[in-house]
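S.K.: Contents are compact mmCIF, C-alpha atoms; file name target.txt:
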# COMPACT_ATOMS: atom_id res chain seq x y z
CA MET U 664 99.23 181.43 87.42
CA ARG U 665 97.42 178.21 88.47
CA ASP U 666 94.87 178.36 91.35
CA VAL U 667 96.15 175.42 93.36
CA ALA U 668 93.39 175.56 95.96
CA SER U 669 90.66 175.48 93.29
CA GLU U 670 92.36 172.57 91.53
CA ARG U 671 92.50 170.57 94.76
CA ARG U 672 88.78 171.23 95.37
CA LEU U 673 88.01 170.05 91.83
CA ILE U 674 89.97 166.82 92.30
CA GLN U 675 88.28 166.09 95.61
CA GLY U 676 84.91 166.74 94.08
CA ASN U 677 85.60 164.41 91.17
CA ARG U 678 86.65 161.63 93.58
CA ALA U 679 83.29 161.94 95.30
CA GLY U 680 81.43 162.03 92.02
CA VAL U 681 80.72 165.76 92.41
CA GLY U 682 81.03 168.01 89.37
CA SER U 683 79.98 165.32 86.94
CA GLY U 684 76.38 165.20 87.99
CA ALA U 685 76.84 161.97 89.98
CA VAL U 686 75.53 161.51 93.50
CA PRO U 687 77.98 160.06 96.05
CA VAL U 688 77.09 156.47 97.06
CA LEU U 689 77.14 155.95 100.84
CA PRO U 690 76.92 152.63 102.69
CA SER U 691 73.36 151.71 103.59
CA SER U 692 72.66 151.69 107.30
CA SER U 693 70.20 148.82 106.79
CA SER U 694 72.76 146.41 105.17
CA PRO U 695 76.28 146.83 106.63
CA PRO U 696 79.06 145.14 104.62
CA ASP U 697 80.38 141.75 105.91
CA ARG U 698 83.69 142.16 107.63
CA PRO U 699 86.10 139.28 108.34
CA PRO U 700 86.71 138.58 112.02
CA SER U 701 89.87 139.71 113.73
CA VAL U 702 92.66 137.24 112.97
CA ASP U 703 94.03 137.57 116.48
CA GLN U 704 90.64 137.02 118.13
CA LEU U 705 89.93 134.00 115.95
CA ALA U 706 93.34 132.55 116.77
CA ARG U 707 92.78 133.06 120.49
CA SER U 708 89.39 131.36 120.28
CA ILE U 709 91.07 128.07 119.25
CA ALA U 710 93.96 128.22 121.73
CA ASP U 711 92.87 124.91 123.25
CA VAL U 712 94.20 123.11 120.13
CA GLY U 713 97.58 123.48 121.83
CA LEU U 714 99.67 125.05 119.06
CA PRO U 715 101.85 128.14 119.63
CA HIS U 716 99.96 131.36 118.91
CA PRO U 717 101.84 132.15 115.65
CA LEU U 718 100.69 128.81 114.21
CA LEU U 719 97.12 129.47 115.33
CA VAL U 720 97.34 132.82 113.56
CA ASP U 721 98.43 131.02 110.38
CA ALA U 722 95.43 128.68 110.67
CA ALA U 723 93.06 131.61 111.28
CA ARG U 724 94.38 133.51 108.29
CA ALA U 725 94.04 130.45 106.05
CA ALA U 726 90.44 129.93 107.15
CA ILE U 727 89.55 133.60 106.59
CA ALA U 728 91.24 133.61 103.18
CA ALA U 729 89.16 130.57 102.23
CA GLY U 730 86.01 132.48 103.18
CA ASP U 731 85.21 130.10 106.01
CA PRO U 732 86.38 131.48 109.38
CA ALA U 733 84.53 128.69 111.16
CA SER U 734 87.04 126.19 109.71
CA ALA U 735 89.93 127.71 111.67
CA ARG U 736 89.75 125.00 114.34
CA THR U 737 89.79 122.21 111.75
CA GLU U 738 92.71 123.90 110.00
CA ALA U 739 94.65 124.20 113.26
CA GLU U 740 93.97 120.57 114.20
CA HIS U 741 95.16 119.47 110.77
CA ARG U 742 98.38 121.42 111.22
CA ALA U 743 98.87 119.91 114.68
CA ARG U 744 98.63 116.41 113.22
CA THR U 745 101.42 117.13 110.72
CA LEU U 746 103.88 117.45 113.63
CA LEU U 747 105.99 114.51 114.77
CA GLN U 748 104.14 112.51 117.42
CA PRO U 749 103.95 108.98 118.83
CA VAL U 750 101.84 106.45 116.93
CA VAL U 751 100.92 102.83 117.54
CA ASN U 752 102.34 100.61 114.81
CA ALA U 753 99.76 97.87 114.19
CA THR U 754 100.82 97.29 110.58
CA GLY U 755 102.85 94.15 111.24
CA VAL U 756 105.91 95.75 109.59
CA LEU U 757 108.62 95.59 112.25
CA LEU U 758 110.90 98.17 110.64
CA HIS U 759 108.36 100.45 108.99
CA THR U 760 110.31 103.22 107.26
CA ASN U 761 107.37 105.63 107.40
CA LEU U 762 107.09 105.05 111.14
CA GLY U 763 110.77 105.54 111.99
CA ARG U 764 111.95 101.92 111.57
CA ALA U 765 113.16 100.41 114.87
CA PRO U 766 111.25 101.77 117.87
CA LEU U 767 113.58 103.15 120.52
CA ALA U 768 113.14 104.80 123.91
CA ALA U 769 115.82 107.50 124.03
CA ARG U 770 116.57 109.41 127.22
CA THR U 771 118.43 112.60 128.12
CA ASP U 772 118.76 114.59 131.33
CA GLY U 773 119.33 117.98 129.73
CA ARG U 774 122.98 118.31 130.72
CA ALA U 775 126.00 118.80 128.49
CA SER U 776 128.00 115.69 127.57
CA ASN U 777 131.63 114.71 127.10
CA ILE U 778 131.07 114.02 123.41
CA GLU U 779 134.49 115.45 122.51
CA LEU U 780 136.12 115.84 125.89
CA ASP U 781 138.60 113.42 127.44
CA LEU U 782 137.58 113.35 131.10
CA ALA U 783 140.91 111.81 132.10
CA ASP U 784 143.11 114.74 131.06
CA GLY U 785 140.58 117.47 130.25
CA LYS U 786 141.77 117.75 126.67
CA ARG U 787 139.79 117.45 123.48
CA GLY U 788 138.57 113.93 122.88
CA SER U 789 136.99 112.08 119.96
CA ARG U 790 133.34 111.32 119.31
CA THR U 791 134.46 107.91 117.98
CA SER U 792 135.59 106.79 121.45
CA HIS U 793 132.10 106.20 122.89
CA ALA U 794 129.44 104.41 120.82
CA GLY U 795 131.92 103.61 118.05
CA ALA U 796 134.36 101.91 120.40
CA LEU U 797 131.59 99.88 122.03
CA LEU U 798 130.19 98.71 118.70
CA ALA U 799 133.68 97.74 117.58
CA ARG U 800 134.01 95.62 120.72
CA ALA U 801 130.61 94.03 120.09
CA VAL U 802 131.61 92.82 116.60
CA ASP U 803 135.29 92.09 117.38
CA ALA U 804 136.51 94.89 115.11
CA GLU U 805 139.63 96.98 115.65
CA ALA U 806 137.68 100.23 115.41
CA ALA U 807 134.37 101.73 114.36
CA VAL U 808 132.97 105.13 113.48
CA VAL U 809 129.37 106.32 113.35
CA VAL U 810 127.70 108.50 110.71
CA ASN U 811 124.08 109.54 110.21
CA ASN U 812 122.90 106.57 108.08
CA CYS U 813 124.19 103.62 106.08
CA ALA U 814 124.04 105.52 102.78
CA ALA U 815 126.44 108.05 104.29
CA ALA U 816 128.65 105.19 105.48
CA VAL U 817 128.90 103.82 101.93
CA LEU U 818 129.63 107.22 100.42
CA LEU U 819 132.23 108.04 103.07
CA ALA U 820 134.02 104.70 102.71
CA LEU U 821 134.19 105.00 98.93
CA ALA U 822 135.37 108.63 99.03
CA ALA U 823 137.98 108.03 101.72
CA LEU U 824 139.36 104.74 100.44
CA ALA U 825 138.91 104.98 96.66
CA GLY U 826 138.34 108.65 95.83
CA GLY U 827 140.17 110.38 93.03
CA GLY U 828 139.12 107.91 90.38
CA ARG U 829 140.49 104.71 91.92
CA GLY U 830 138.68 101.53 90.95
CA VAL U 831 136.13 99.63 93.05
CA ALA U 832 135.11 96.17 91.84
CA VAL U 833 131.42 95.29 92.32
CA SER U 834 129.46 92.31 91.03
CA ARG U 835 126.82 93.24 88.47
CA GLY U 836 124.37 91.30 90.61
CA GLU U 837 124.98 93.74 93.49
CA LEU U 838 124.49 97.07 91.72
CA VAL U 839 121.39 97.59 93.80
CA GLU U 840 118.88 100.38 94.20
CA ILE U 841 117.18 100.76 97.56
CA GLY U 842 114.46 103.12 98.78
CA GLY U 843 114.82 106.83 98.20
CA GLY U 844 116.81 106.44 94.99
CA PHE U 845 120.04 105.14 96.56
CA ARG U 846 121.75 103.47 93.59
CA VAL U 847 125.25 102.01 93.91
CA PRO U 848 126.52 103.37 90.55
CA ASP U 849 125.27 106.88 91.41
CA VAL U 850 126.81 106.83 94.88
CA MET U 851 130.04 105.55 93.39
CA ALA U 852 130.12 108.50 90.98
CA GLN U 853 129.42 111.00 93.77
CA SER U 854 132.25 109.57 95.87
CA GLY U 855 134.85 110.09 93.17
CA ALA U 856 135.58 106.35 92.98
CA ARG U 857 135.42 104.51 89.68
CA LEU U 858 133.00 101.63 89.24
CA VAL U 859 134.50 98.41 87.88
CA GLU U 860 131.72 95.93 87.09
CA VAL U 861 132.55 92.24 87.39
CA GLY U 862 130.66 89.04 86.59
CA THR U 863 127.06 88.92 85.44
CA THR U 864 123.70 89.66 87.05
CA ASN U 865 123.18 86.11 88.27
CA ARG U 866 126.70 84.61 88.42
CA THR U 867 129.92 86.16 89.70
CA ARG U 868 133.01 84.08 90.44
CA VAL U 869 136.37 84.73 92.11
CA ALA U 870 137.92 84.60 88.64
CA ASP U 871 135.90 87.68 87.66
CA TYR U 872 137.51 89.68 90.47
CA ARG U 873 140.97 88.36 89.57
CA GLU U 874 140.41 89.43 85.97
CA ALA U 875 139.48 92.93 87.12
CA MET U 876 142.60 93.12 89.25
CA ALA U 877 144.75 92.09 86.30
CA SER U 878 143.20 94.64 83.95
CA GLU U 879 142.96 97.59 86.35
CA ASP U 880 146.05 99.56 87.32
CA ASP U 881 144.56 101.07 90.44
CA LEU U 882 141.90 98.83 91.98
CA ALA U 883 141.42 100.16 95.52
CA LEU U 884 138.59 98.04 96.90
CA LEU U 885 136.48 94.94 96.43
CA LEU U 886 132.94 95.93 97.40
CA LYS U 887 130.16 93.50 98.25
CA VAL U 888 126.63 94.86 98.62
CA HIS U 889 123.92 92.89 100.40
CA ARG U 890 120.79 92.53 98.24
CA SER U 891 118.62 93.53 101.16
CA ASN U 892 115.38 94.27 99.32
CA TYR U 893 115.24 91.58 96.61
CA THR U 894 116.45 88.06 95.85
CA ILE U 895 117.96 86.32 92.85
CA SER U 896 117.15 82.63 92.53
CA GLY U 897 117.68 79.88 89.98
CA PHE U 898 120.93 79.56 88.00
CA THR U 899 123.07 81.67 90.32
CA GLU U 900 126.54 81.81 91.81
CA ASP U 901 127.97 84.23 94.33
CA THR U 902 131.45 84.87 95.70
CA SER U 903 131.93 84.66 99.44
CA VAL U 904 133.73 87.21 101.57
CA GLY U 905 136.26 84.52 102.52
CA ALA U 906 137.10 83.85 98.88
CA LEU U 907 137.70 87.56 98.25
CA SER U 908 139.72 88.22 101.38
CA GLY U 909 142.90 86.68 100.05
CA LEU U 910 142.98 88.51 96.72
CA GLY U 911 144.75 91.66 97.92
CA PRO U 912 142.60 94.81 97.91
CA PRO U 913 140.57 95.51 101.06
CA VAL U 914 137.14 93.87 101.10
CA VAL U 915 134.35 96.26 102.09
CA VAL U 916 130.90 94.77 102.74
CA ASP U 917 127.73 96.86 102.81
CA LEU U 918 125.52 94.70 105.02
CA GLY U 919 122.74 97.26 105.17
CA SER U 920 120.35 95.69 107.66
CA GLY U 921 122.63 95.63 110.67
CA LEU U 922 122.36 92.24 112.35
CA LEU U 923 125.18 92.35 114.89
CA ASP U 924 125.79 88.67 115.62
CA ALA U 925 124.23 85.70 113.79
CA GLY U 926 124.15 83.73 117.06
CA CYS U 927 121.81 86.27 118.73
CA PRO U 928 123.26 85.50 122.20
CA TRP U 929 120.94 88.15 123.68
CA LEU U 930 117.90 85.92 122.95
CA ASP U 931 117.20 82.99 125.25
CA ASP U 932 116.11 80.77 122.37
CA GLY U 933 118.84 81.86 119.96
CA PRO U 934 118.23 83.30 116.50
CA PRO U 935 114.66 83.06 115.17
CA ALA U 936 114.20 80.91 112.09
CA TRP U 937 113.42 83.90 109.85
CA LEU U 938 116.96 85.26 110.44
CA ARG U 939 118.65 82.07 109.27
CA ASP U 940 120.24 83.44 106.06
CA GLU U 941 120.84 87.03 107.16
CA PRO U 942 124.54 88.01 107.18
CA ALA U 943 125.82 89.54 110.41
CA ALA U 944 128.58 92.04 111.09
CA LYS U 945 130.60 89.90 113.51
CA GLN U 946 130.67 86.82 111.28
CA THR U 947 131.36 88.88 108.13
CA LEU U 948 134.44 90.40 109.73
CA ALA U 949 135.53 86.98 110.98
CA ALA U 950 135.19 85.63 107.43
CA GLY U 951 137.78 88.14 106.19
CA ALA U 952 136.04 91.45 105.49
CA ASP U 953 138.25 94.45 106.20
CA LEU U 954 135.34 96.84 106.73
CA VAL U 955 131.61 96.31 107.25
CA LEU U 956 128.92 98.96 106.90
CA PHE U 957 125.47 98.62 108.48
CA SER U 958 122.45 100.56 109.72
CA GLY U 959 121.63 101.49 113.28
CA ASP U 960 117.85 101.63 112.95
CA LYS U 961 117.19 98.23 111.40
CA LEU U 962 118.10 94.86 112.93
CA LEU U 963 120.41 96.56 115.41
CA GLY U 964 117.31 98.12 116.99
CA GLY U 965 118.86 101.55 117.56
CA PRO U 966 118.53 105.11 116.24
CA GLN U 967 119.06 106.09 112.61
CA ALA U 968 122.80 105.80 112.07
CA GLY U 969 125.40 104.21 109.84
CA ILE U 970 128.27 102.22 111.34
CA LEU U 971 131.65 101.54 109.71
CA ALA U 972 133.57 98.84 111.61
CA GLY U 973 136.74 96.95 110.83
CA ARG U 974 140.45 97.59 110.37
CA ALA U 975 141.69 100.54 112.40
CA ASP U 976 143.61 102.11 109.50
CA LEU U 977 140.56 102.06 107.23
CA VAL U 978 138.27 103.45 109.94
CA ARG U 979 140.84 106.15 110.70
CA ALA U 980 141.01 107.16 107.03
CA CYS U 981 137.23 107.49 106.95
CA ALA U 982 137.15 109.56 110.15
CA LYS U 983 139.80 111.94 108.77
CA HIS U 984 138.02 112.52 105.47
CA PRO U 985 136.29 115.94 105.12
CA LEU U 986 132.94 114.25 104.47
CA TYR U 987 132.95 112.75 107.96
CA ARG U 988 132.34 116.18 109.49
CA ALA U 989 129.24 116.56 107.30
CA PHE U 990 128.01 113.05 108.10
CA ARG U 991 128.78 112.74 111.81
CA PRO U 992 125.79 112.51 114.18
CA GLY U 993 125.19 114.58 117.29
CA THR U 994 124.94 113.83 120.98
CA LEU U 995 121.38 112.47 120.95
CA VAL U 996 122.11 109.79 118.35
CA LEU U 997 125.47 108.81 119.83
CA SER U 998 124.03 108.62 123.34
CA ALA U 999 121.13 106.41 122.20
CA LEU U 1000 123.50 104.24 120.17
CA GLN U 1001 125.82 103.90 123.17
CA ASP U 1002 122.92 102.56 125.25
CA VAL U 1003 122.12 100.06 122.50
CA ALA U 1004 125.75 98.94 122.25
CA LEU U 1005 125.96 98.48 126.03
CA ALA U 1006 122.79 96.36 125.89
CA TYR U 1007 124.42 94.05 123.35
CA LEU U 1008 127.62 93.79 125.37
CA ASP U 1009 125.78 92.81 128.56
CA ARG U 1010 123.43 90.55 126.59
CA SER U 1011 120.32 92.45 127.57
CA ALA U 1012 119.56 93.51 123.98
CA GLY U 1013 116.57 91.19 124.04
CA GLU U 1014 114.86 93.95 126.06
CA LEU U 1015 115.25 96.48 123.25
CA PRO U 1016 111.80 97.33 121.82
CA PHE U 1017 112.69 95.87 118.43
CA TRP U 1018 113.81 92.51 119.78
CA ARG U 1019 110.85 92.30 122.18
CA MET U 1020 108.41 92.46 119.29
CA ALA U 1021 110.57 90.40 116.91
CA ALA U 1022 110.91 87.51 119.38
CA ALA U 1023 107.42 87.60 120.91
CA PRO U 1024 105.93 84.05 120.98
CA VAL U 1025 102.78 83.55 118.92
CA ALA U 1026 101.04 82.13 122.00
CA ALA U 1027 101.64 85.40 123.88
CA LEU U 1028 100.26 87.42 120.95
CA GLU U 1029 97.17 85.21 120.82
CA GLU U 1030 96.55 85.70 124.55
CA ARG U 1031 96.73 89.47 124.16
CA ALA U 1032 94.44 89.40 121.12
CA ASN U 1033 91.81 87.35 122.95
CA ARG U 1034 91.87 89.73 125.92
CA ILE U 1035 91.37 92.79 123.70
CA ALA U 1036 88.66 91.16 121.58
CA GLY U 1037 86.80 90.00 124.67
CA ALA U 1038 86.92 93.48 126.19
CA VAL U 1039 85.61 95.11 123.01
CA GLY U 1040 82.53 92.92 123.22
CA GLY U 1041 81.88 91.92 119.61
CA GLY U 1042 82.62 92.85 116.03
CA VAL U 1043 86.33 92.03 116.35
CA GLU U 1044 87.82 88.71 115.25
CA VAL U 1045 91.11 87.20 116.41
CA VAL U 1046 93.03 86.02 113.33
CA SER U 1047 96.34 84.43 112.43
CA CYS U 1048 98.42 86.67 110.19
CA ALA U 1049 102.00 87.30 109.06
CA SER U 1050 104.34 90.13 109.97
CA VAL U 1051 107.31 91.17 107.83
CA PRO U 1052 110.71 92.60 108.82
CA GLY U 1053 110.41 95.66 106.53
CA GLY U 1054 112.93 98.47 106.26
CA GLY U 1055 114.45 96.96 103.12
CA THR U 1056 115.53 93.81 104.96
CA LEU U 1057 114.87 90.10 104.40
CA PRO U 1058 112.68 90.32 101.27
CA GLY U 1059 109.95 87.67 101.10
CA THR U 1060 110.32 86.75 104.78
CA GLU U 1061 107.15 86.31 106.82
CA ILE U 1062 106.93 85.98 110.60
CA PRO U 1063 103.91 84.18 112.13
CA SER U 1064 101.73 86.56 114.12
CA VAL U 1065 98.26 87.16 115.54
CA GLY U 1066 96.01 90.14 114.92
CA LEU U 1067 92.56 91.62 115.29
CA ALA U 1068 90.30 91.92 112.24
CA LEU U 1069 87.47 94.36 111.54
CA PRO U 1070 85.14 94.35 108.53
CA ALA U 1071 85.91 96.92 105.80
CA ASP U 1072 88.60 99.59 105.77
CA ARG U 1073 88.65 101.45 109.09
CA THR U 1074 92.23 102.71 108.85
CA ASP U 1075 91.26 106.38 108.43
CA GLU U 1076 89.27 106.33 111.67
CA LEU U 1077 92.02 104.51 113.57
CA ARG U 1078 94.57 106.98 112.27
CA SER U 1079 92.51 109.94 113.51
CA GLY U 1080 92.71 108.91 117.16
CA THR U 1081 95.08 110.10 119.87
CA PRO U 1082 97.53 108.51 119.65
CA PRO U 1083 96.95 107.41 116.05
CA VAL U 1084 96.77 103.65 115.49
CA ILE U 1085 98.25 102.62 112.13
CA ALA U 1086 96.79 99.38 110.73
CA ARG U 1087 96.68 97.61 107.35
CA VAL U 1088 93.95 96.37 105.01
CA GLU U 1089 93.77 92.81 103.67
CA ASP U 1090 90.86 91.29 101.72
CA ASP U 1091 88.61 94.24 102.61
CA ARG U 1092 89.31 93.79 106.31
CA THR U 1093 91.28 96.00 108.67
CA ILE U 1094 94.04 94.04 110.42
CA LEU U 1095 95.76 95.20 113.59
CA ASP U 1096 98.85 93.01 113.86
CA LEU U 1097 99.84 92.73 117.52
CA ARG U 1098 103.44 91.70 116.87
CA THR U 1099 104.35 95.31 116.22
CA VAL U 1100 102.19 96.70 119.04
CA ALA U 1101 103.97 97.06 122.38
CA PRO U 1102 102.03 95.28 125.17
CA ASP U 1103 101.84 98.62 127.00
CA ASP U 1104 99.75 99.91 124.06
CA ASP U 1105 97.12 97.17 124.22
CA ASP U 1106 94.82 99.51 126.13
CA VAL U 1107 95.28 102.15 123.41
CA VAL U 1108 94.21 99.60 120.80
CA LEU U 1109 91.28 98.57 122.98
CA ALA U 1110 90.11 102.17 123.35
CA ALA U 1111 90.45 102.78 119.61
CA LEU U 1112 88.35 99.72 118.81
CA ARG U 1113 85.71 100.74 121.33
CA ASP U 1114 85.55 104.18 119.68
CA LEU U 1115 84.76 102.41 116.40
CA GLY U 1116 81.93 100.57 118.08
CA GLY U 1117 83.60 97.23 117.49
CA ASP U 1118 81.72 96.85 114.21
Step by step, read the file and then write its structure as structure tokens.

M.R.:
Amino acid sequence: MRDVASERRLIQGNRAGVGSGAVPVLPSSSSPPDRPPSVDQLARSIADVGLPHPLLVDAARAAIAAGDPASARTEAEHRARTLLQPVVNATGVLLHTNLGRAPLAARTDGRASNIELDLADGKRGSRTSHAGALLARAVDAEAAVVVNNCAAAVLLALAALAGGGRGVAVSRGELVEIGGGFRVPDVMAQSGARLVEVGTTNRTRVADYREAMASEDDLALLLKVHRSNYTISGFTEDTSVGALSGLGPPVVVDLGSGLLDAGCPWLDDGPPAWLRDEPAAKQTLAAGADLVLFSGDKLLGGPQAGILAGRADLVRACAKHPLYRAFRPGTLVLSALQDVALAYLDRSAGELPFWRMAAAPVAALEERANRIAGAVGGGVEVVSCASVPGGGTLPGTEIPSVGLALPADRTDELRSGTPPVIARVEDDRTILDLRTVAPDDDDVVLAALRDLGGD
């Protein structure tokens, strides 16, 4: 029979090195082993960074794991700067995609809203009856519906109006690709519609569309796509919306950039010269389009959204399609878009942040630049420069502007401030273009330049 007690003693002795002639090794009292600090204590020591405690714990753990507990604060500050926060756009790109495109001051009072409640009878209402109805009125359309961006608007229109393999005629010169990999042929395939290419890359005539109609048994739509991020010049020919409108199938126009009215009646001086050739929703519908699609966060100056406006039956078909539920925006977007639509209807849209910077006179920009440069006290030069619309709109268009120039590339230092100032580099100089800086942020720019020493 086994002596269990003796066996246990033998095992314990072997673990301690006893029984094999070895002497147990004990920690030296003169050289205690290094121990990492308490994660919780380290996290609490950097609480002034302002992050919630669980995120400070993550930063502390990362610093300890890297063998450098002292870097916990730097790690936490880095994580704080990855969060969404306000920045000053001094790049000169009016609709900077990386900076949220059109700037917009949204407001909410924290209450519920009547997004789908009819206040007249207390029954369920429609989320198309607020911002959508106002935008329809602004462009003289029968109806409009809002989705979360223009790409969704295109996909929804194709799926609802030409899904199930029905044909959609598109000029080969309009099979565009825009940022983020949005390609018309790919979107067409995802929608279930069938692409029917017409014409050539540089020349497409009405006869090309008529030929497609004659050869296709089930041509559901004629789609025109605005070449918003490139141009074709030279030996070219295009087909107008008016020429297509009498052919039979509904004409759907993806305008992309979202200019509401070519006349810009909300601006005292009318449309700026750089908008001269930009198609607008109101005029495109008047020319014979049955449905127009455009963005909310580009030339409209609103939140990210996609608007489908035009014939009531086409809009209704889009709103009833299952994809609409996946694409529809929430209260915040619709509320902000409603405010924008009301501003256009009462002709106060010139006060929207986008239009304030787009229409700012060069003389006013120069006055601001001189004030800032004078207050810095040296090392900053007032320069003429050019802004661009950005956001995939008006390729090649430049807008006269005025900026502040610093020697060398100082963009990293400007970006590290609070709030960050985002500038650009040209010819080994840092340019802060004041067209895209709100006048209320001039003091922020001034403080940032003073922090650099003005050199």

S.K.: Can you measure CA of Gly926 in chain U to CA of Pro913 in chain U for me? One decimal in Å is fine.

M.R.: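 Straight-line distance from CA of Gly926 in chain U to CA of Pro913 in chain U works out to 25.8 Å.
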
S.K.: Skipping near chain neighbours, those fewer than 2 positions away, what residues fall within 10 Å of range 775-780 of chain U using only C-alpha atoms, listed as a list in words?

M.R.: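 Near range 775-780 of chain U, the qualifying residues are Thr771, Asp772, Gly773, Leu782, Ala783, Asp784, Gly785, Lys786, Arg787, Gly788, Ser789, Arg790, Thr791, Ser792, His793, Gly993, Thr994, Leu995, Leu997 and Ser998 of chain U.
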
S.K.: Can I get the selection written as a PDB file, in the coordinates of the input, with C-alpha atoms?

M.R.:
ATOM      1  CA  THR U 771     118.430 112.600 128.120  1.00  0.00           C
ATOM      2  CA  ASP U 772     118.760 114.590 131.330  1.00  0.00           C
ATOM      3  CA  GLY U 773     119.330 117.980 129.730  1.00  0.00           C
ATOM      4  CA  LEU U 782     137.580 113.350 131.100  1.00  0.00           C
ATOM      5  CA  ALA U 783     140.910 111.810 132.100  1.00  0.00           C
ATOM      6  CA  ASP U 784     143.110 114.740 131.060  1.00  0.00           C
ATOM      7  CA  GLY U 785     140.580 117.470 130.250  1.00  0.00           C
ATOM      8  CA  LYS U 786     141.770 117.750 126.670  1.00  0.00           C
ATOM      9  CA  ARG U 787     139.790 117.450 123.480  1.00  0.00           C
ATOM     10  CA  GLY U 788     138.570 113.930 122.880  1.00  0.00           C
ATOM     11  CA  SER U 789     136.990 112.080 119.960  1.00  0.00           C
ATOM     12  CA  ARG U 790     133.340 111.320 119.310  1.00  0.00           C
ATOM     13  CA  THR U 791     134.460 107.910 117.980  1.00  0.00           C
ATOM     14  CA  SER U 792     135.590 106.790 121.450  1.00  0.00           C
ATOM     15  CA  HIS U 793     132.100 106.200 122.890  1.00  0.00           C
ATOM     16  CA  GLY U 993     125.190 114.580 117.290  1.00  0.00           C
ATOM     17  CA  THR U 994     124.940 113.830 120.980  1.00  0.00           C
ATOM     18  CA  LEU U 995     121.380 112.470 120.950  1.00  0.00           C
ATOM     19  CA  LEU U 997     125.470 108.810 119.830  1.00  0.00           C
ATOM     20  CA  SER U 998     124.030 108.620 123.340  1.00  0.00           C
TER      21      SER U 998
END

S.K.: Which residues are close to range 846-856 of chain U, i.e. within 7 Å by only C-alpha atoms, leaving aside same-chain residues fewer than 2 positions away? Reply as a JSON list (two decimals) with C-alpha atoms, keeping the file's coordinate frame.

M.R.:
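Just written: around.json:
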[["chain", "number", "residue", "atom", "x", "y", "z"],
["U", 818, "LEU", "CA", 129.63, 107.22, 100.42],
["U", 821, "LEU", "CA", 134.19, 105.00, 98.93],
["U", 822, "ALA", "CA", 135.37, 108.63, 99.03],
["U", 825, "ALA", "CA", 138.91, 104.98, 96.66],
["U", 826, "GLY", "CA", 138.34, 108.65, 95.83],
["U", 827, "GLY", "CA", 140.17, 110.38, 93.03],
["U", 828, "GLY", "CA", 139.12, 107.91, 90.38],
["U", 829, "ARG", "CA", 140.49, 104.71, 91.92],
["U", 830, "GLY", "CA", 138.68, 101.53, 90.95],
["U", 831, "VAL", "CA", 136.13, 99.63, 93.05],
["U", 838, "LEU", "CA", 124.49, 97.07, 91.72],
["U", 839, "VAL", "CA", 121.39, 97.59, 93.80],
["U", 840, "GLU", "CA", 118.88, 100.38, 94.20],
["U", 841, "ILE", "CA", 117.18, 100.76, 97.56],
["U", 844, "GLY", "CA", 116.81, 106.44, 94.99],
["U", 858, "LEU", "CA", 133.00, 101.63, 89.24]]

S.K.: Have a look at CA of Ala832 in chain U and CA of Val888 in chain U and let me know their distance in Å, one decimal.

M.R.: 10.9 Å

S.K.: Please check which residues have atoms at most 10 Å from (128.1, 98.1, 109.8) in the file's coordinates, counting all atoms listed in the file, and write them as an MDAnalysis selection string.

M.R.: chainID U and resid 798:799 802 807:809 813 816:817 916:923 943:945 947:948 954:959 963 968:973

S.K.: Determine the nearest neighbour of Ala1026 in chain U from the options U:Ile709, U:Leu1097, U:Leu1008, U:Ala815, counting only C-alpha atoms.

M.R.: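 Smallest separation from Ala1026 in chain U among the options: U:Leu1097.
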
S.K.: Would you compute the distance between CA of Pro1058 in chain U and CA of Trp937 in chain U? Give it in Å to one decimal.

M.R.: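 Separation of CA of Pro1058 in chain U and CA of Trp937 in chain U: 10.7 Å.
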
S.K.: Which of these, U:Arg800, U:Leu819, U:Leu1015, U:Ala1027, has the shortest distance to Ala980 in chain U once you count all atoms listed in the file?

M.R.: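 Among the listed residues, U:Leu819 lies closest to Ala980 in chain U.
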
S.K.: Once 6 Å is added on each side, what centre and edge lengths in Å to one decimal does the axis-aligned box around all listed atoms of range 701-717 of chain U have, as AutoDock Vina command-line options?

M.R.:
--center_x 95.6 --center_y 131.4 --center_z 118.1 --size_x 24.5 --size_y 28.6 --size_z 22.3

S.K.: Quick one: of U:Pro700, U:Pro1052, U:Gly763, U:Ala975, who's nearest to Gln748 in chain U, counting all atoms listed in the file?

M.R.: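 Of U:Pro700, U:Pro1052, U:Gly763, U:Ala975, the one nearest Gln748 in chain U is U:Gly763, counting all atoms listed in the file.
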
S.K.: Using all atoms listed in the file, what residues lie at most 12 Å away from (121.5, 93.9, 125.8) (file coordinates), given as a PyMOL selection string?

M.R.: chain U and resi 801+923+927-931+963-965+1000-1019

S.K.: Ranking U:Gly795, U:Leu758, U:Ala982, U:Ala925 by minimum distance to Glu941 in chain U and counting only C-alpha atoms, which one comes first?

M.R.: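 Between U:Gly795, U:Leu758, U:Ala982, U:Ala925, the residue approaching Glu941 in chain U most closely is U:Ala925.
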
S.K.: Which residues are near Val869 in chain U? Cut-off 10 Å, all atoms listed in the file, ignore same chain within fewer than 3 positions. Put them as an NGL selection string.

M.R.: :U and (861-862 or 872-874 or 901-903 or 906-907 or 910)
